[in-house]
Each structure stands twice: as C-alpha cells, then as structure tokens.
file run.txt (compact mmCIF, C-alpha atoms)
# COMPACT_ATOMS: atom_id res chain seq x y z
CA MET A 1 -41.30 -51.37 35.40
CA TRP A 2 -42.93 -50.35 32.11
CA ASN A 3 -40.82 -47.96 30.03
CA PRO A 4 -40.66 -46.61 26.41
CA LYS A 5 -38.01 -49.20 25.45
CA LYS A 6 -40.29 -52.06 26.48
CA SER A 7 -43.15 -50.38 24.60
CA VAL A 8 -41.06 -50.27 21.39
CA GLN A 9 -40.07 -53.90 21.98
CA LEU A 10 -43.75 -54.86 22.33
CA SER A 11 -44.57 -52.99 19.10
CA LEU A 12 -41.74 -54.86 17.34
CA ILE A 13 -43.08 -58.20 18.56
CA CYS A 14 -46.63 -57.26 17.47
CA THR A 15 -45.32 -56.25 14.02
CA LYS A 16 -43.51 -59.57 13.67
CA ILE A 17 -46.68 -61.45 14.69
CA VAL A 18 -48.74 -59.51 12.11
CA ILE A 19 -46.11 -60.24 9.40
CA LEU A 20 -46.34 -63.95 10.23
CA MET A 21 -50.14 -63.76 10.20
CA VAL A 22 -50.18 -62.10 6.76
CA VAL A 23 -47.79 -64.73 5.39
CA ALA A 24 -49.85 -67.56 6.94
CA CYS A 25 -53.12 -66.09 5.64
CA ALA A 26 -51.64 -65.65 2.15
CA ALA A 27 -50.45 -69.27 2.17
CA ALA A 28 -53.79 -70.57 3.42
CA LEU A 29 -55.94 -68.20 1.36
CA PRO A 30 -57.29 -70.79 -1.15
CA SER A 31 -58.52 -73.06 1.65
CA LEU A 32 -59.88 -70.07 3.62
CA ILE A 33 -61.82 -68.97 0.53
CA ASP A 34 -63.25 -72.50 0.14
CA ARG A 35 -64.35 -72.41 3.79
CA TYR A 36 -65.95 -69.01 3.20
CA ALA A 37 -67.85 -70.38 0.20
CA GLU A 38 -69.02 -73.35 2.29
CA TYR A 39 -70.40 -71.23 5.14
CA ALA A 40 -71.66 -68.24 3.12
CA LEU A 41 -75.38 -67.62 3.57
CA VAL A 42 -75.83 -66.81 -0.11
CA PRO A 43 -74.25 -69.12 -2.75
CA VAL A 44 -71.15 -67.53 -4.20
CA GLU A 45 -70.05 -67.89 -7.84
CA THR A 46 -66.62 -69.40 -8.54
CA SER A 47 -65.55 -66.39 -10.65
CA SER A 48 -66.50 -64.10 -7.79
CA LEU A 49 -64.44 -66.19 -5.40
CA HIS A 50 -61.44 -65.98 -7.72
CA MET A 51 -61.81 -62.21 -7.84
CA PHE A 52 -62.06 -62.13 -4.04
CA MET A 53 -58.83 -64.12 -3.82
CA ALA A 54 -57.07 -61.91 -6.38
CA ILE A 55 -58.06 -58.75 -4.46
CA LEU A 56 -56.78 -60.16 -1.18
CA TYR A 57 -53.50 -61.27 -2.79
CA LEU A 58 -53.13 -57.79 -4.32
CA CYS A 59 -53.67 -56.22 -0.90
CA CYS A 60 -50.98 -58.48 0.57
CA VAL A 61 -48.29 -56.68 -1.47
CA PRO A 62 -48.74 -53.18 0.05
CA ALA A 63 -49.50 -54.77 3.42
CA MET A 64 -46.18 -56.63 3.46
CA ALA A 65 -44.29 -53.57 2.22
CA ALA A 66 -45.91 -51.42 4.93
CA LEU A 67 -45.16 -54.01 7.61
CA ALA A 68 -41.53 -54.29 6.51
CA CYS A 69 -41.20 -50.48 6.66
CA LEU A 70 -42.91 -50.44 10.05
CA HIS A 71 -40.43 -53.03 11.31
CA MET A 72 -37.48 -50.92 10.07
CA LEU A 73 -39.04 -47.78 11.58
CA LEU A 74 -39.41 -49.46 14.97
CA GLY A 75 -35.82 -50.72 14.68
CA ASN A 76 -34.63 -47.13 14.18
CA ILE A 77 -36.73 -45.92 17.12
CA LYS A 78 -35.26 -48.72 19.25
CA ASN A 79 -31.76 -47.50 18.30
CA GLU A 80 -32.78 -43.98 19.42
CA LYS A 81 -32.77 -42.65 15.86
CA VAL A 82 -36.20 -41.04 15.77
CA PHE A 83 -35.84 -37.74 13.92
CA ILE A 84 -33.93 -38.88 10.85
CA THR A 85 -34.74 -38.51 7.15
CA ARG A 86 -34.87 -42.30 6.77
CA ASN A 87 -37.86 -42.45 9.12
CA VAL A 88 -39.60 -39.75 7.07
CA LYS A 89 -39.03 -41.87 3.96
CA LEU A 90 -40.36 -45.01 5.71
CA LEU A 91 -43.49 -43.18 6.88
CA ARG A 92 -44.03 -41.88 3.34
CA ILE A 93 -43.79 -45.44 1.96
CA ILE A 94 -46.21 -46.78 4.60
CA SER A 95 -48.63 -43.97 3.79
CA TRP A 96 -48.47 -44.72 0.05
CA CYS A 97 -48.95 -48.44 0.80
CA CYS A 98 -52.17 -47.54 2.62
CA PHE A 99 -53.35 -45.49 -0.36
CA ALA A 100 -52.44 -48.34 -2.75
CA ALA A 101 -54.41 -50.87 -0.68
CA SER A 102 -57.28 -48.39 -0.49
CA LEU A 103 -57.24 -48.02 -4.28
CA VAL A 104 -57.30 -51.79 -4.81
CA LEU A 105 -60.25 -52.09 -2.44
CA THR A 106 -62.05 -49.20 -4.17
CA PHE A 107 -62.01 -51.16 -7.42
CA ALA A 108 -63.26 -54.20 -5.52
CA VAL A 109 -66.38 -52.43 -4.19
CA ARG A 110 -68.35 -53.67 -7.19
CA TYR A 111 -67.81 -57.25 -5.96
CA TYR A 112 -68.11 -56.76 -2.18
CA LEU A 113 -69.64 -53.64 -0.64
CA VAL A 114 -67.77 -54.10 2.64
CA PHE A 115 -64.52 -53.35 0.77
CA GLY A 116 -65.78 -49.77 0.36
CA MET A 117 -65.77 -49.19 4.10
CA MET A 118 -62.37 -50.83 4.42
CA SER A 119 -61.06 -48.67 1.59
CA VAL A 120 -62.16 -45.45 3.34
CA ALA A 121 -60.71 -46.62 6.67
CA ILE A 122 -57.34 -47.51 5.11
CA ALA A 123 -57.21 -44.23 3.17
CA PHE A 124 -57.88 -42.39 6.43
CA VAL A 125 -54.99 -44.22 8.13
CA GLY A 126 -52.80 -43.30 5.14
CA LEU A 127 -53.80 -39.66 5.52
CA ILE A 128 -53.00 -39.65 9.26
CA LEU A 129 -49.61 -41.23 8.52
CA ARG A 130 -48.96 -38.55 5.92
CA VAL A 131 -49.58 -35.83 8.51
CA VAL A 132 -47.31 -37.65 10.99
CA LYS A 133 -44.68 -37.81 8.23
CA ASN A 134 -44.97 -34.02 7.72
CA VAL A 135 -44.54 -33.47 11.46
CA ILE A 136 -41.46 -35.72 11.62
CA GLU A 137 -40.06 -33.98 8.51
CA GLN A 138 -40.26 -30.62 10.30
CA ALA A 139 -38.85 -32.15 13.49
CA VAL A 140 -35.82 -33.40 11.52
CA VAL A 141 -35.15 -29.81 10.34
CA ILE A 142 -35.56 -28.41 13.88
CA LYS A 143 -33.29 -31.13 15.30
CA ALA A 144 -30.61 -30.37 12.68
CA GLU A 145 -30.76 -26.68 13.59
CA ASN A 146 -30.57 -27.50 17.27
CA ASP A 147 -27.66 -29.91 16.77
CA TYR A 148 -25.73 -27.28 14.80
CA THR A 149 -26.32 -24.47 17.26
CA ILE A 150 -23.08 -24.06 19.16
CA MET B 1 -23.60 -19.31 3.75
CA ALA B 2 -23.66 -15.48 4.09
CA ILE B 3 -22.13 -15.41 7.57
CA ILE B 4 -18.53 -16.62 7.63
CA VAL B 5 -16.83 -17.71 10.85
CA ASN B 6 -13.19 -16.59 10.81
CA LEU B 7 -12.30 -18.51 13.93
CA ASP B 8 -9.24 -20.19 12.40
CA VAL B 9 -7.78 -16.78 11.44
CA MET B 10 -8.19 -15.46 14.98
CA MET B 11 -6.84 -18.70 16.45
CA ALA B 12 -3.74 -18.41 14.25
CA ARG B 13 -3.28 -14.77 15.31
CA ARG B 14 -3.52 -15.67 18.99
CA LYS B 15 -1.48 -18.86 18.45
CA ILE B 16 -4.00 -21.05 20.27
CA SER B 17 -4.82 -24.66 19.41
CA ALA B 18 -8.35 -25.95 18.83
CA GLY B 19 -8.18 -28.18 21.90
CA ASP B 20 -7.07 -25.33 24.15
CA LEU B 21 -9.73 -22.97 22.82
CA ALA B 22 -12.46 -25.62 23.18
CA GLU B 23 -11.42 -26.13 26.80
CA LYS B 24 -11.31 -22.37 27.49
CA ILE B 25 -14.76 -21.68 26.08
CA GLY B 26 -16.29 -24.84 27.47
CA ILE B 27 -17.43 -26.62 24.32
CA THR B 28 -16.39 -29.94 22.86
CA PRO B 29 -13.64 -30.05 20.18
CA ALA B 30 -16.26 -31.58 17.84
CA ASN B 31 -18.52 -28.54 18.26
CA LEU B 32 -15.58 -26.18 17.81
CA SER B 33 -14.75 -28.00 14.58
CA ILE B 34 -18.37 -27.49 13.37
CA LEU B 35 -18.01 -23.78 14.13
CA LYS B 36 -14.58 -23.50 12.52
CA ASN B 37 -15.66 -25.25 9.34
CA ASN B 38 -18.73 -23.03 8.88
CA LYS B 39 -21.11 -25.96 9.41
CA ALA B 40 -22.93 -24.33 12.33
CA LYS B 41 -26.50 -23.12 11.81
CA ALA B 42 -26.42 -20.71 14.77
CA ILE B 43 -24.22 -19.51 17.59
CA ARG B 44 -25.34 -18.74 21.13
CA PHE B 45 -24.48 -15.33 22.60
CA SER B 46 -22.93 -17.15 25.56
CA THR B 47 -20.58 -19.09 23.23
CA LEU B 48 -19.71 -15.93 21.30
CA GLU B 49 -19.01 -14.15 24.58
CA GLU B 50 -16.64 -16.93 25.67
CA ILE B 51 -14.89 -16.94 22.29
CA CYS B 52 -14.38 -13.16 22.44
CA ARG B 53 -13.08 -13.43 26.00
CA ALA B 54 -10.70 -16.29 25.17
CA LEU B 55 -9.37 -14.69 21.96
CA GLU B 56 -9.51 -11.12 23.30
CA CYS B 57 -11.40 -9.88 20.28
CA GLN B 58 -14.74 -8.43 19.14
CA PRO B 59 -17.59 -10.47 17.56
CA GLY B 60 -16.81 -8.76 14.26
CA ASP B 61 -13.32 -10.23 14.28
CA VAL B 62 -14.79 -13.73 14.37
CA LEU B 63 -17.90 -13.28 12.24
CA GLU B 64 -18.07 -11.75 8.77
CA PHE B 65 -21.00 -11.06 6.49
CA LEU B 66 -20.42 -12.02 2.87
CA GLU B 67 -22.89 -10.99 0.18
CA VAL B 68 -24.05 -14.12 -1.64
CA ARG B 69 -26.33 -13.76 -4.60
CA HIS B 70 -28.89 -16.61 -4.37
CA GLY B 71 -29.17 -18.59 -7.56
CA ALA B 72 -26.11 -16.95 -9.12
CA ASP B 73 -24.58 -20.34 -9.87
CA GLU B 74 -27.83 -21.85 -11.16
call {"tool": "encode", "arguments": {"input": "run.txt", "output": "structure tokens"}}
result
Amino acid sequence: MWNPKKSVQLSLICTKIVILMVVACAAALPSLIDRYAEYALVPVETSSLHMFMAILYLCCVPAMAALACLHMLLGNIKNEKVFITRNVKLLRIISWCCFAASLVLTFAVRYYLVFGMMSVAIAFVGLILRVVKNVIEQAVVIKAENDYTI
Amino acid sequence: MAIIVNLDVMMARRKISAGDLAEKIGITPANLSILKNNKAKAIRFSTLEEICRALECQPGDVLEFLEVRHGADE
C-alpha cells in the first residue's frame, strides 16, 4: 500500500539519481559539448563553446549544493523531523542556490538566449521555495508553542 | 517571562513530590518539569483546574505576574 513514508523514500531515491546524473554530466561535459558542436545546425565558435562549458560548470556548484540540502531535508522528513529550524535553514540555502544559478544564467543570456528562459524559471522556483521556507518558519513557531502548552 | 509559575513553592507547602502531582493532574513528569521551570508557553484551563484541585489552592497561588521592563538589560 502506498503511504507517505514510501513517498519520501521515492523522493530520496530520485534525489540520489539526480545527484549521480549531475556528477556524470559534469564528468562527461567536455565530450557532450563536442557532440553538441558536431550536431549543431549553425557552426559554433570554440570560444563560445568554452563559455558554454564554463556556464554549465558554474551552474553545477549551486545545483550540487541544492541537491545535497534536498537530500538532508528529505532525511529529516524521513526521521519525522519536519518542523525544525534546520529544515528552514536548508530550504533557505536551496532557495539561494536557485537564485545563484538564475544569476549565472542571466549573465549567460548574451551567449545563448534559451538561458534567459531557464533563468526566469529557476528564479521562480527559488521564489516558491522562499515562500515555503516562510511557511515552515511560522509552523516551527506554532509547533514550539503547541509543544510548550501544558 | 512576565508570568512566573510558583508550582515548586506550592508543592513544597503541600509536601507533594513531582511524580505524585504529575500523576494526580494527569500530565507527564516531563511536562510538569517544563511547567515548574517556567519553560511553558501556555497553560490550559483544564490543567490549571487539576493543579488547583490537587494542591487545594487558587490560580493566583500558582501563577504570579512580574513586571519586566523590555530592553532594560540591553
């Protein structure tokens, strides 16, 4: 039977898979970029490709940080520690990671226009996470009051 | 904290242990300890009623308002 514990477990597995995918993509990025250059409809300059690679490597840093925080967050939820200040901190870090990635992609718009759309989407996710963080922050206060009401 | 819980004073007057009082009022010793040490954020009327019944006292004997000037130490 499907239950919340299994759902958290599935999310943990998905997070681990995404972490592995990011690591694999980062390791294989030079060859992936070469493939991209081979199959691109319009010839791409080498300097442009290097910039493309640099942007993607820069985005890997906040992505890995966010994924690590997400993994810790899910671990806390699995241990039935949902409304704790540590989770608020983790959500804040994930949100800032989204904004950092969005900022990197904003600077990259001049090279690839599609990064602009990605930047807006990631900033939007960061904003949603920030609101969720505010909600959890208030929930932590309410829980503390409830726990200390005798 | 402006409201002080004088539970330990009343317990000493009535010569009742924390374990016995917790059992009488139907709360856990851990929760009674929170109340006794002024860590509680709020107290239910039902709990206060049980405390007053067990200690044969009035709410004012257990709770005390203490004027605290905010930011006086800052």
call {"tool": "closest_atom_pairs", "arguments": {"input": "run.txt", "of": "chain B", "to": "chain A", "cutoff": "7 Å", "atoms": "all atoms listed in the file", "output": "tab-separated table"}}
result
residue	atom	partner	partner_atom	distance
B:Asn31	CA	A:Ile150	CA	6.5
B:Ala40	CA	A:Tyr148	CA	4.8
B:Lys41	CA	A:Tyr148	CA	5.2
B:Ala42	CA	A:Thr149	CA	4.5
B:Ile43	CA	A:Ile150	CA	4.9
B:Arg44	CA	A:Ile150	CA	6.1
B:Thr47	CA	A:Ile150	CA	6.9
call {"tool": "write_last_selection", "arguments": {"input": "run.txt", "atoms": "C-alpha atoms", "output": "PDB file, in the frame of the given file"}}
result
ATOM      1  CA  ASN B  31     -18.520 -28.540  18.260  1.00  0.00           C
ATOM      2  CA  ALA B  40     -22.930 -24.330  12.330  1.00  0.00           C
ATOM      3  CA  LYS B  41     -26.500 -23.120  11.810  1.00  0.00           C
ATOM      4  CA  ALA B  42     -26.420 -20.710  14.770  1.00  0.00           C
ATOM      5  CA  ILE B  43     -24.220 -19.510  17.590  1.00  0.00           C
ATOM      6  CA  ARG B  44     -25.340 -18.740  21.130  1.00  0.00           C
ATOM      7  CA  THR B  47     -20.580 -19.090  23.230  1.00  0.00           C
TER       8      THR B  47
END
call {"tool": "residues_around", "arguments": {"input": "run.txt", "residues": "stretch 114-128 of chain A", "least_positions_apart": "3", "cutoff": "10 Å", "atoms": "only C-alpha atoms", "output": "list of chain:residue names"}}
result
A:Ile55, A:Leu91, A:Arg92, A:Ile93, A:Ile94, A:Ser95, A:Trp96, A:Cys97, A:Cys98, A:Phe99, A:Ala100, A:Ala101, A:Ser102, A:Leu103, A:Val104, A:Leu105, A:Thr106, A:Phe107, A:Ala108, A:Val109, A:Arg110, A:Tyr111, A:Val131, A:Val132, A:Lys133, A:Asn134
call {"tool": "residues_around", "arguments": {"input": "run.txt", "residues": "A:Ala26", "least_positions_apart": "3", "cutoff": "12 Å", "atoms": "all atoms listed in the file", "output": "MDAnalysis selection string"}}
result
chainID A and resid 19:23 29:33 53:61 63:64
call {"tool": "atom_distance", "arguments": {"input": "run.txt", "atom1": "atom CA of A:Lys81", "atom2": "atom CA of B:Ile27"}}
result
23.7 Å
call {"tool": "closest_residue", "arguments": {"input": "run.txt", "among": "A:Gln138, A:Ser48, A:Asn79, A:Thr85", "to": "A:Tyr112", "atoms": "all atoms listed in the file"}}
result
A:Ser48
call {"tool": "atom_distance", "arguments": {"input": "run.txt", "atom1": "atom CA of A:Glu137", "atom2": "atom CA of B:Leu35"}}
result
24.9 Å
call {"tool": "decode", "arguments": {"input": "run.txt", "residues": "stretch 59-86 of chain A", "atoms": "N, CA, C and O atoms", "output": "JSON list (two decimals), in the first residue's frame"}}
result
[["chain", "number", "residue", "atom", "x", "y", "z"],
["A", 59, "CYS", "N", 27.02, 26.43, -12.97],
["A", 59, "CYS", "CA", 25.67, 26.06, -12.51],
["A", 59, "CYS", "C", 25.69, 24.76, -11.71],
["A", 59, "CYS", "O", 24.80, 24.53, -10.89],
["A", 60, "CYS", "N", 26.71, 23.93, -11.94],
["A", 60, "CYS", "CA", 26.80, 22.66, -11.21],
["A", 60, "CYS", "C", 27.00, 22.90, -9.72],
["A", 60, "CYS", "O", 26.54, 22.11, -8.89],
["A", 61, "VAL", "N", 27.70, 24.00, -9.37],
["A", 61, "VAL", "CA", 28.01, 24.27, -7.95],
["A", 61, "VAL", "C", 26.72, 24.49, -7.14],
["A", 61, "VAL", "O", 26.47, 23.75, -6.18],
["A", 62, "PRO", "N", 25.87, 25.48, -7.51],
["A", 62, "PRO", "CA", 24.63, 25.63, -6.75],
["A", 62, "PRO", "C", 23.70, 24.41, -6.87],
["A", 62, "PRO", "O", 22.99, 24.08, -5.93],
["A", 63, "ALA", "N", 23.77, 23.75, -8.04],
["A", 63, "ALA", "CA", 22.90, 22.58, -8.23],
["A", 63, "ALA", "C", 23.27, 21.47, -7.24],
["A", 63, "ALA", "O", 22.39, 20.89, -6.60],
["A", 64, "MET", "N", 24.58, 21.23, -7.09],
["A", 64, "MET", "CA", 25.03, 20.18, -6.16],
["A", 64, "MET", "C", 24.72, 20.57, -4.72],
["A", 64, "MET", "O", 24.31, 19.72, -3.92],
["A", 65, "ALA", "N", 24.93, 21.85, -4.40],
["A", 65, "ALA", "CA", 24.64, 22.33, -3.04],
["A", 65, "ALA", "C", 23.15, 22.16, -2.73],
["A", 65, "ALA", "O", 22.78, 21.67, -1.66],
["A", 66, "ALA", "N", 22.31, 22.54, -3.70],
["A", 66, "ALA", "CA", 20.86, 22.42, -3.52],
["A", 66, "ALA", "C", 20.45, 20.95, -3.38],
["A", 66, "ALA", "O", 19.63, 20.62, -2.52],
["A", 67, "LEU", "N", 21.06, 20.09, -4.19],
["A", 67, "LEU", "CA", 20.71, 18.67, -4.11],
["A", 67, "LEU", "C", 21.14, 18.05, -2.79],
["A", 67, "LEU", "O", 20.42, 17.23, -2.21],
["A", 68, "ALA", "N", 22.32, 18.46, -2.30],
["A", 68, "ALA", "CA", 22.80, 17.96, -1.01],
["A", 68, "ALA", "C", 21.84, 18.40, 0.11],
["A", 68, "ALA", "O", 21.49, 17.60, 0.99],
["A", 69, "CYS", "N", 21.41, 19.66, 0.05],
["A", 69, "CYS", "CA", 20.46, 20.18, 1.05],
["A", 69, "CYS", "C", 19.13, 19.45, 0.96],
["A", 69, "CYS", "O", 18.52, 19.12, 1.97],
["A", 70, "LEU", "N", 18.71, 19.21, -0.28],
["A", 70, "LEU", "CA", 17.44, 18.49, -0.51],
["A", 70, "LEU", "C", 17.51, 17.08, 0.09],
["A", 70, "LEU", "O", 16.54, 16.61, 0.72],
["A", 71, "HIS", "N", 18.66, 16.45, -0.08],
["A", 71, "HIS", "CA", 18.86, 15.10, 0.46],
["A", 71, "HIS", "C", 18.78, 15.12, 1.99],
["A", 71, "HIS", "O", 18.13, 14.26, 2.60],
["A", 72, "MET", "N", 19.41, 16.14, 2.60],
["A", 72, "MET", "CA", 19.38, 16.26, 4.07],
["A", 72, "MET", "C", 17.96, 16.55, 4.55],
["A", 72, "MET", "O", 17.51, 16.01, 5.55],
["A", 73, "LEU", "N", 17.27, 17.41, 3.80],
["A", 73, "LEU", "CA", 15.88, 17.78, 4.13],
["A", 73, "LEU", "C", 14.98, 16.54, 4.11],
["A", 73, "LEU", "O", 14.21, 16.31, 5.04],
["A", 74, "LEU", "N", 15.13, 15.74, 3.06],
["A", 74, "LEU", "CA", 14.32, 14.52, 2.96],
["A", 74, "LEU", "C", 14.68, 13.53, 4.06],
["A", 74, "LEU", "O", 13.80, 12.83, 4.58],
["A", 75, "GLY", "N", 15.96, 13.50, 4.43],
["A", 75, "GLY", "CA", 16.40, 12.65, 5.54],
["A", 75, "GLY", "C", 15.71, 13.05, 6.84],
["A", 75, "GLY", "O", 15.24, 12.20, 7.60],
["A", 76, "ASN", "N", 15.62, 14.37, 7.08],
["A", 76, "ASN", "CA", 14.94, 14.87, 8.28],
["A", 76, "ASN", "C", 13.46, 14.53, 8.25],
["A", 76, "ASN", "O", 12.89, 14.14, 9.26],
["A", 77, "ILE", "N", 12.85, 14.68, 7.06],
["A", 77, "ILE", "CA", 11.41, 14.37, 6.93],
["A", 77, "ILE", "C", 11.18, 12.87, 7.19],
["A", 77, "ILE", "O", 10.23, 12.49, 7.87],
["A", 78, "LYS", "N", 12.11, 12.06, 6.69],
["A", 78, "LYS", "CA", 12.02, 10.61, 6.89],
["A", 78, "LYS", "C", 12.07, 10.27, 8.39],
["A", 78, "LYS", "O", 11.40, 9.36, 8.85],
["A", 79, "ASN", "N", 12.92, 11.03, 9.12],
["A", 79, "ASN", "CA", 13.04, 10.81, 10.57],
["A", 79, "ASN", "C", 11.96, 11.55, 11.38],
["A", 79, "ASN", "O", 12.12, 11.75, 12.58],
["A", 80, "GLU", "N", 10.91, 11.96, 10.68],
["A", 80, "GLU", "CA", 9.76, 12.65, 11.29],
["A", 80, "GLU", "C", 10.15, 13.95, 12.00],
["A", 80, "GLU", "O", 9.59, 14.30, 13.02],
["A", 81, "LYS", "N", 11.17, 14.61, 11.46],
["A", 81, "LYS", "CA", 11.55, 15.93, 11.98],
["A", 81, "LYS", "C", 11.25, 16.95, 10.89],
["A", 81, "LYS", "O", 12.14, 17.31, 10.11],
["A", 82, "VAL", "N", 9.99, 17.34, 10.80],
["A", 82, "VAL", "CA", 9.58, 18.23, 9.70],
["A", 82, "VAL", "C", 9.71, 19.70, 10.09],
["A", 82, "VAL", "O", 10.40, 20.47, 9.42],
["A", 83, "PHE", "N", 9.05, 20.06, 11.20],
["A", 83, "PHE", "CA", 9.01, 21.48, 11.59],
["A", 83, "PHE", "C", 10.15, 21.81, 12.55],
["A", 83, "PHE", "O", 9.94, 22.01, 13.75],
["A", 84, "ILE", "N", 11.36, 21.84, 12.01],
["A", 84, "ILE", "CA", 12.54, 22.18, 12.81],
["A", 84, "ILE", "C", 13.30, 23.32, 12.12],
["A", 84, "ILE", "O", 13.19, 23.48, 10.89],
["A", 85, "THR", "N", 14.06, 24.06, 12.90],
["A", 85, "THR", "CA", 14.76, 25.23, 12.34],
["A", 85, "THR", "C", 15.80, 24.81, 11.29],
["A", 85, "THR", "O", 16.08, 25.57, 10.37],
["A", 86, "ARG", "N", 16.33, 23.59, 11.43],
["A", 86, "ARG", "CA", 17.32, 23.11, 10.46],
["A", 86, "ARG", "C", 16.71, 23.01, 9.05],
["A", 86, "ARG", "O", 17.36, 23.33, 8.07]]
